>>> print(open('start-v2.txt').read())   # compact mmCIF, N, CA and C atoms and all ligand atoms
# COMPACT_ATOMS: atom_id res chain seq x y z
N MET D 16 96.41 91.72 95.49
CA MET D 16 96.43 93.19 95.36
C MET D 16 96.87 93.58 93.97
N ALA D 17 95.99 94.20 93.21
CA ALA D 17 96.33 94.60 91.85
C ALA D 17 96.66 96.07 91.79
N ILE D 18 97.94 96.38 91.88
CA ILE D 18 98.33 97.78 91.73
C ILE D 18 98.68 98.05 90.27
N GLU D 19 98.70 97.03 89.45
CA GLU D 19 99.06 97.18 88.02
C GLU D 19 98.06 98.08 87.28
N ASP D 20 96.82 98.00 87.67
CA ASP D 20 95.74 98.63 86.93
C ASP D 20 95.91 100.13 86.70
N GLU D 21 96.50 100.79 87.67
CA GLU D 21 96.49 102.24 87.64
C GLU D 21 97.76 102.84 87.04
N VAL D 22 98.60 102.01 86.46
CA VAL D 22 99.86 102.51 85.92
C VAL D 22 99.70 102.93 84.48
N ASN D 23 99.44 104.22 84.26
CA ASN D 23 99.24 104.71 82.91
C ASN D 23 100.22 105.80 82.50
N ASP D 24 100.66 106.61 83.42
CA ASP D 24 101.58 107.69 83.07
C ASP D 24 102.84 107.63 83.93
N GLU D 25 103.76 108.51 83.61
CA GLU D 25 105.05 108.46 84.30
C GLU D 25 104.93 108.68 85.79
N ALA D 26 104.04 109.58 86.16
CA ALA D 26 103.88 109.90 87.58
C ALA D 26 103.50 108.66 88.37
N SER D 27 102.53 107.95 87.84
CA SER D 27 102.10 106.78 88.59
C SER D 27 103.13 105.66 88.49
N GLN D 28 103.92 105.68 87.43
CA GLN D 28 105.02 104.70 87.39
C GLN D 28 106.04 104.97 88.48
N ALA D 29 106.30 106.27 88.66
CA ALA D 29 107.23 106.65 89.73
C ALA D 29 106.68 106.21 91.07
N SER D 30 105.43 106.50 91.30
CA SER D 30 104.87 106.12 92.58
C SER D 30 104.77 104.61 92.68
N ARG D 31 104.69 103.96 91.55
CA ARG D 31 104.65 102.51 91.59
C ARG D 31 105.98 101.92 92.06
N SER D 32 107.07 102.48 91.56
CA SER D 32 108.36 101.97 92.03
C SER D 32 108.56 102.34 93.49
N HIS D 33 107.94 103.45 93.87
CA HIS D 33 107.97 103.79 95.29
C HIS D 33 107.19 102.75 96.08
N ASN D 34 106.03 102.40 95.57
CA ASN D 34 105.23 101.35 96.20
C ASN D 34 106.02 100.07 96.33
N ARG D 35 106.76 99.77 95.27
CA ARG D 35 107.56 98.56 95.25
C ARG D 35 108.53 98.54 96.42
N GLU D 36 109.18 99.69 96.60
CA GLU D 36 110.11 99.81 97.72
C GLU D 36 109.37 99.60 99.04
N PHE D 37 108.21 100.24 99.10
CA PHE D 37 107.41 100.14 100.32
C PHE D 37 107.03 98.69 100.59
N VAL D 38 106.61 98.01 99.53
CA VAL D 38 106.20 96.62 99.68
C VAL D 38 107.39 95.76 100.11
N MET D 39 108.54 96.00 99.50
CA MET D 39 109.73 95.23 99.87
C MET D 39 110.07 95.44 101.34
N THR D 40 110.04 96.70 101.76
CA THR D 40 110.35 96.99 103.15
C THR D 40 109.37 96.32 104.07
N THR D 41 108.09 96.44 103.72
CA THR D 41 107.06 95.82 104.54
C THR D 41 107.23 94.31 104.57
N MET D 42 107.56 93.74 103.42
CA MET D 42 107.74 92.29 103.36
C MET D 42 108.90 91.84 104.23
N GLU D 43 109.99 92.61 104.16
CA GLU D 43 111.13 92.26 105.02
C GLU D 43 110.71 92.24 106.47
N ARG D 44 109.91 93.24 106.83
CA ARG D 44 109.44 93.31 108.21
C ARG D 44 108.54 92.11 108.51
N GLU D 45 107.67 91.78 107.56
CA GLU D 45 106.77 90.65 107.75
C GLU D 45 107.54 89.35 107.91
N ILE D 46 108.55 89.19 107.05
CA ILE D 46 109.36 87.97 107.11
C ILE D 46 110.04 87.86 108.47
N ARG D 47 110.51 89.00 108.93
CA ARG D 47 111.12 89.02 110.24
C ARG D 47 110.10 88.62 111.30
N ASN D 48 108.88 89.15 111.15
CA ASN D 48 107.81 88.79 112.08
C ASN D 48 107.53 87.30 112.03
N ILE D 49 107.54 86.75 110.81
CA ILE D 49 107.26 85.32 110.68
C ILE D 49 108.30 84.51 111.44
N SER D 50 109.56 84.90 111.30
CA SER D 50 110.57 84.13 112.03
C SER D 50 110.43 84.35 113.54
N GLU D 51 110.00 85.56 113.93
CA GLU D 51 109.70 85.78 115.35
C GLU D 51 108.58 84.86 115.81
N ILE D 52 107.57 84.72 114.95
CA ILE D 52 106.43 83.87 115.30
C ILE D 52 106.86 82.41 115.38
N GLU D 53 107.69 82.00 114.44
CA GLU D 53 108.19 80.62 114.48
C GLU D 53 108.95 80.35 115.77
N GLN D 54 109.76 81.35 116.15
CA GLN D 54 110.50 81.19 117.40
C GLN D 54 109.56 81.14 118.59
N ALA D 55 108.50 81.95 118.53
CA ALA D 55 107.51 81.94 119.62
C ALA D 55 106.87 80.56 119.71
N LEU D 56 106.53 79.99 118.55
CA LEU D 56 105.93 78.65 118.55
C LEU D 56 106.88 77.63 119.14
N GLU D 57 108.16 77.79 118.79
CA GLU D 57 109.15 76.88 119.34
C GLU D 57 109.22 77.01 120.86
N ARG D 58 109.16 78.27 121.32
CA ARG D 58 109.21 78.48 122.77
C ARG D 58 107.98 77.89 123.46
N ILE D 59 106.83 77.96 122.75
CA ILE D 59 105.63 77.34 123.32
C ILE D 59 105.87 75.84 123.50
N SER D 60 106.46 75.22 122.49
CA SER D 60 106.68 73.77 122.58
C SER D 60 107.70 73.42 123.65
N LYS D 61 108.58 74.33 123.95
CA LYS D 61 109.55 74.10 125.03
C LYS D 61 109.06 74.63 126.37
N LYS D 62 107.83 75.11 126.38
CA LYS D 62 107.24 75.70 127.60
C LYS D 62 108.02 76.91 128.09
N GLU D 63 108.62 77.61 127.16
CA GLU D 63 109.36 78.81 127.53
C GLU D 63 108.63 80.07 127.09
N TYR D 64 107.48 79.87 126.47
CA TYR D 64 106.75 81.02 125.94
C TYR D 64 106.23 81.91 127.05
N GLY D 65 106.29 83.23 126.82
CA GLY D 65 105.76 84.16 127.81
C GLY D 65 106.76 84.51 128.89
N VAL D 66 108.00 84.04 128.72
CA VAL D 66 109.04 84.37 129.68
C VAL D 66 110.11 85.19 128.96
N CYS D 67 110.50 86.29 129.57
CA CYS D 67 111.49 87.17 128.97
C CYS D 67 112.83 86.45 128.84
N VAL D 68 113.43 86.49 127.65
CA VAL D 68 114.69 85.76 127.45
C VAL D 68 115.86 86.46 128.13
N THR D 69 115.68 87.72 128.48
CA THR D 69 116.78 88.46 129.09
C THR D 69 116.76 88.36 130.61
N CYS D 70 115.63 88.69 131.22
CA CYS D 70 115.59 88.71 132.69
C CYS D 70 114.82 87.52 133.26
N GLU D 71 114.20 86.71 132.36
CA GLU D 71 113.49 85.50 132.74
C GLU D 71 112.27 85.75 133.63
N LYS D 72 111.77 86.99 133.58
CA LYS D 72 110.50 87.27 134.25
C LYS D 72 109.36 86.90 133.30
N THR D 73 108.20 86.67 133.91
CA THR D 73 107.02 86.39 133.11
C THR D 73 106.57 87.66 132.38
N ILE D 74 106.30 87.50 131.10
CA ILE D 74 105.82 88.64 130.32
C ILE D 74 104.31 88.78 130.54
N PRO D 75 103.84 89.98 130.89
CA PRO D 75 102.41 90.17 131.18
C PRO D 75 101.52 89.83 129.98
N ASP D 76 100.33 89.30 130.31
CA ASP D 76 99.40 88.90 129.27
C ASP D 76 99.07 90.01 128.28
N ASN D 77 98.91 91.23 128.81
CA ASN D 77 98.50 92.30 127.89
C ASN D 77 99.59 92.61 126.88
N ARG D 78 100.85 92.39 127.27
CA ARG D 78 101.93 92.57 126.31
C ARG D 78 101.93 91.43 125.28
N LEU D 79 101.70 90.22 125.75
CA LEU D 79 101.65 89.09 124.83
C LEU D 79 100.49 89.21 123.85
N GLN D 80 99.41 89.83 124.33
CA GLN D 80 98.29 90.01 123.41
C GLN D 80 98.60 91.05 122.35
N ALA D 81 99.38 92.07 122.76
CA ALA D 81 99.75 93.10 121.80
C ALA D 81 100.81 92.60 120.83
N ILE D 82 101.81 91.89 121.35
CA ILE D 82 102.92 91.38 120.53
C ILE D 82 103.12 89.91 120.88
N PRO D 83 102.32 89.03 120.30
CA PRO D 83 102.32 87.62 120.72
C PRO D 83 103.68 86.94 120.55
N TRP D 84 104.51 87.43 119.66
CA TRP D 84 105.78 86.76 119.40
C TRP D 84 106.93 87.39 120.19
N THR D 85 106.61 88.33 121.08
CA THR D 85 107.69 89.00 121.78
C THR D 85 108.43 88.03 122.70
N ARG D 86 109.71 88.25 122.85
CA ARG D 86 110.47 87.43 123.79
C ARG D 86 111.11 88.30 124.86
N LEU D 87 110.69 89.55 124.91
CA LEU D 87 111.21 90.47 125.90
C LEU D 87 110.08 91.08 126.70
N CYS D 88 110.28 91.25 127.99
CA CYS D 88 109.31 91.97 128.80
C CYS D 88 109.41 93.47 128.47
N VAL D 89 108.49 94.23 129.01
CA VAL D 89 108.46 95.66 128.70
C VAL D 89 109.77 96.33 129.09
N ASP D 90 110.27 95.99 130.25
CA ASP D 90 111.51 96.60 130.73
C ASP D 90 112.68 96.33 129.77
N CYS D 91 112.83 95.07 129.39
CA CYS D 91 113.96 94.71 128.55
C CYS D 91 113.79 95.23 127.12
N ALA D 92 112.56 95.33 126.68
CA ALA D 92 112.33 95.88 125.34
C ALA D 92 112.51 97.39 125.33
N GLY D 93 112.51 97.98 126.52
CA GLY D 93 112.75 99.40 126.62
C GLY D 93 111.49 100.23 126.53
N GLY D 94 110.43 99.62 126.04
CA GLY D 94 109.16 100.33 125.95
C GLY D 94 109.22 101.59 125.10
N GLY D 95 110.33 101.79 124.38
CA GLY D 95 110.46 102.97 123.54
C GLY D 95 110.74 104.22 124.35
N ILE D 96 110.96 104.07 125.65
CA ILE D 96 111.16 105.25 126.49
C ILE D 96 112.64 105.42 126.85
N LYS D 97 113.21 104.39 127.45
CA LYS D 97 114.60 104.49 127.89
C LYS D 97 115.54 104.76 126.72
N ARG D 98 115.45 103.88 125.73
CA ARG D 98 116.19 104.15 124.51
C ARG D 98 115.54 103.41 123.34
N ASN D 99 115.89 103.83 122.18
CA ASN D 99 115.27 103.27 120.99
C ASN D 99 115.85 101.90 120.66
N GLN D 100 115.07 100.86 120.96
CA GLN D 100 115.56 99.51 120.69
C GLN D 100 114.74 98.81 119.62
N ASP D 101 114.25 99.60 118.68
CA ASP D 101 113.46 99.03 117.59
C ASP D 101 114.20 97.94 116.84
N ARG D 102 115.52 97.99 116.88
CA ARG D 102 116.30 97.05 116.11
C ARG D 102 116.48 95.71 116.84
N THR D 103 115.97 95.62 118.02
CA THR D 103 116.14 94.40 118.80
C THR D 103 115.68 93.17 118.04
N LEU D 104 114.62 93.33 117.26
CA LEU D 104 114.06 92.21 116.52
C LEU D 104 115.08 91.49 115.65
N GLY D 105 116.01 92.24 115.08
CA GLY D 105 116.93 91.64 114.12
C GLY D 105 118.13 90.96 114.77
N GLN D 106 118.27 91.08 116.07
CA GLN D 106 119.47 90.56 116.69
C GLN D 106 119.25 89.18 117.30
N PRO D 107 120.17 88.29 117.09
CA PRO D 107 120.05 86.94 117.67
C PRO D 107 120.37 86.93 119.15
N VAL D 108 119.37 87.21 119.94
CA VAL D 108 119.57 87.30 121.39
C VAL D 108 119.66 85.92 122.02
N PHE D 109 119.22 84.91 121.22
CA PHE D 109 119.00 83.59 121.77
C PHE D 109 120.18 82.65 121.55
N GLY D 110 121.32 83.21 121.14
CA GLY D 110 122.44 82.38 120.70
C GLY D 110 122.99 81.40 121.72
N SER D 111 122.81 81.65 122.99
CA SER D 111 123.51 80.86 124.00
C SER D 111 122.87 79.50 124.26
N SER D 112 121.59 79.33 123.93
CA SER D 112 120.89 78.12 124.34
C SER D 112 120.65 77.14 123.18
N LEU D 113 121.55 77.11 122.22
CA LEU D 113 121.38 76.17 121.11
C LEU D 113 121.75 74.76 121.53
N GLY D 114 121.04 73.78 120.97
CA GLY D 114 121.34 72.39 121.26
C GLY D 114 120.67 71.97 122.52
ZN ZN N 201 112.96 91.18 130.77
>>> encode(input="start-v2.txt", output="structure tokens", more="lines below")
Ligand SMILES: [Zn+2]
Amino acid sequence: MAIEDEVNDEASQASRSHNREFVMTTMEREIRNISEIEQALERISKKEYGVCVTCEKTIPDNRLQAIPWTRLCVDCAGGGIKRNQDRTLGQPVFGSSLG
């Protein structure tokens, strides 16, 4: 992605640093997704994939297709209805089963 090309005046420089922030934020999110994906792969190898880590119910296929790396069923993820749990991704929910 070449965003360098269009940087000629101060305005676009400002928006460029804004872009930079945007890219950093997006990258952080992507990196988080990558670690989620790595964990999902690990769960596949342990045959734990597709099972909610909280309530241990099977996660429905349509949810897995939408969010393949999810480790929570709709209920435990909150579905964005009960309460805002967008931050769930960043929390180490899996701490108890190490080793
Ligand atoms: Zn659950």
>>> closest_atom_pairs(input="start-v2.txt", of="chain D", to="ligand ZN 201 (chain N)", cutoff="10 Å", atoms="only C-alpha atoms and all ligand atoms", output="Markdown table")
| residue | atom | partner | partner_atom | distance |
| --- | --- | --- | --- | --- |
| D:Val66 | CA | N:ZN201 | ZN | 7.9 |
| D:Cys67 | CA | N:ZN201 | ZN | 4.6 |
| D:Val68 | CA | N:ZN201 | ZN | 6.6 |
| D:Thr69 | CA | N:ZN201 | ZN | 5.0 |
| D:Cys70 | CA | N:ZN201 | ZN | 4.1 |
| D:Glu71 | CA | N:ZN201 | ZN | 6.0 |
| D:Lys72 | CA | N:ZN201 | ZN | 5.8 |
| D:Thr73 | CA | N:ZN201 | ZN | 8.0 |
| D:Ile74 | CA | N:ZN201 | ZN | 7.6 |
| D:Arg86 | CA | N:ZN201 | ZN | 8.3 |
| D:Leu87 | CA | N:ZN201 | ZN | 5.2 |
| D:Cys88 | CA | N:ZN201 | ZN | 4.2 |
| D:Val89 | CA | N:ZN201 | ZN | 6.7 |
| D:Asp90 | CA | N:ZN201 | ZN | 5.6 |
| D:Cys91 | CA | N:ZN201 | ZN | 4.3 |
| D:Ala92 | CA | N:ZN201 | ZN | 7.2 |
| D:Gly93 | CA | N:ZN201 | ZN | 9.2 |
>>> atom_distance(input="start-v2.txt", atom1="atom CA of Thr85 of chain D", atom2="atom CA of Val38 of chain D")
23.4 Å
>>> atom_distance(input="start-v2.txt", atom1="atom CA of Phe37 of chain D", atom2="atom CA of Ala55 of chain D")
26.5 Å
>>> atom_distance(input="start-v2.txt", atom1="atom C of Ile82 of chain D", atom2="atom C of Thr40 of chain D")
19.0 Å
>>> residues_around(input="start-v2.txt", residues="Trp84 of chain D", least_positions_apart="5", cutoff="8 Å", atoms="only C-alpha atoms", output="number ranges by chain")
D: 48, 51-52, 54-55, 79
>>> write_last_selection(input="start-v2.txt", atoms="N, CA and C atoms", output="PDB file, in the frame of the given file")
ATOM      1  N   ASN D  48     108.880  89.150 111.150  1.00  0.00           N
ATOM      2  CA  ASN D  48     107.810  88.790 112.080  1.00  0.00           C
ATOM      3  C   ASN D  48     107.530  87.300 112.030  1.00  0.00           C
ATOM      4  N   GLU D  51     110.000  85.560 113.930  1.00  0.00           N
ATOM      5  CA  GLU D  51     109.700  85.780 115.350  1.00  0.00           C
ATOM      6  C   GLU D  51     108.580  84.860 115.810  1.00  0.00           C
ATOM      7  N   ILE D  52     107.570  84.720 114.950  1.00  0.00           N
ATOM      8  CA  ILE D  52     106.430  83.870 115.300  1.00  0.00           C
ATOM      9  C   ILE D  52     106.860  82.410 115.380  1.00  0.00           C
ATOM     10  N   GLN D  54     109.760  81.350 116.150  1.00  0.00           N
ATOM     11  CA  GLN D  54     110.500  81.190 117.400  1.00  0.00           C
ATOM     12  C   GLN D  54     109.560  81.140 118.590  1.00  0.00           C
ATOM     13  N   ALA D  55     108.500  81.950 118.530  1.00  0.00           N
ATOM     14  CA  ALA D  55     107.510  81.940 119.620  1.00  0.00           C
ATOM     15  C   ALA D  55     106.870  80.560 119.710  1.00  0.00           C
ATOM     16  N   LEU D  79     101.700  90.220 125.750  1.00  0.00           N
ATOM     17  CA  LEU D  79     101.650  89.090 124.830  1.00  0.00           C
ATOM     18  C   LEU D  79     100.490  89.210 123.850  1.00  0.00           C
TER      19      LEU D  79
END
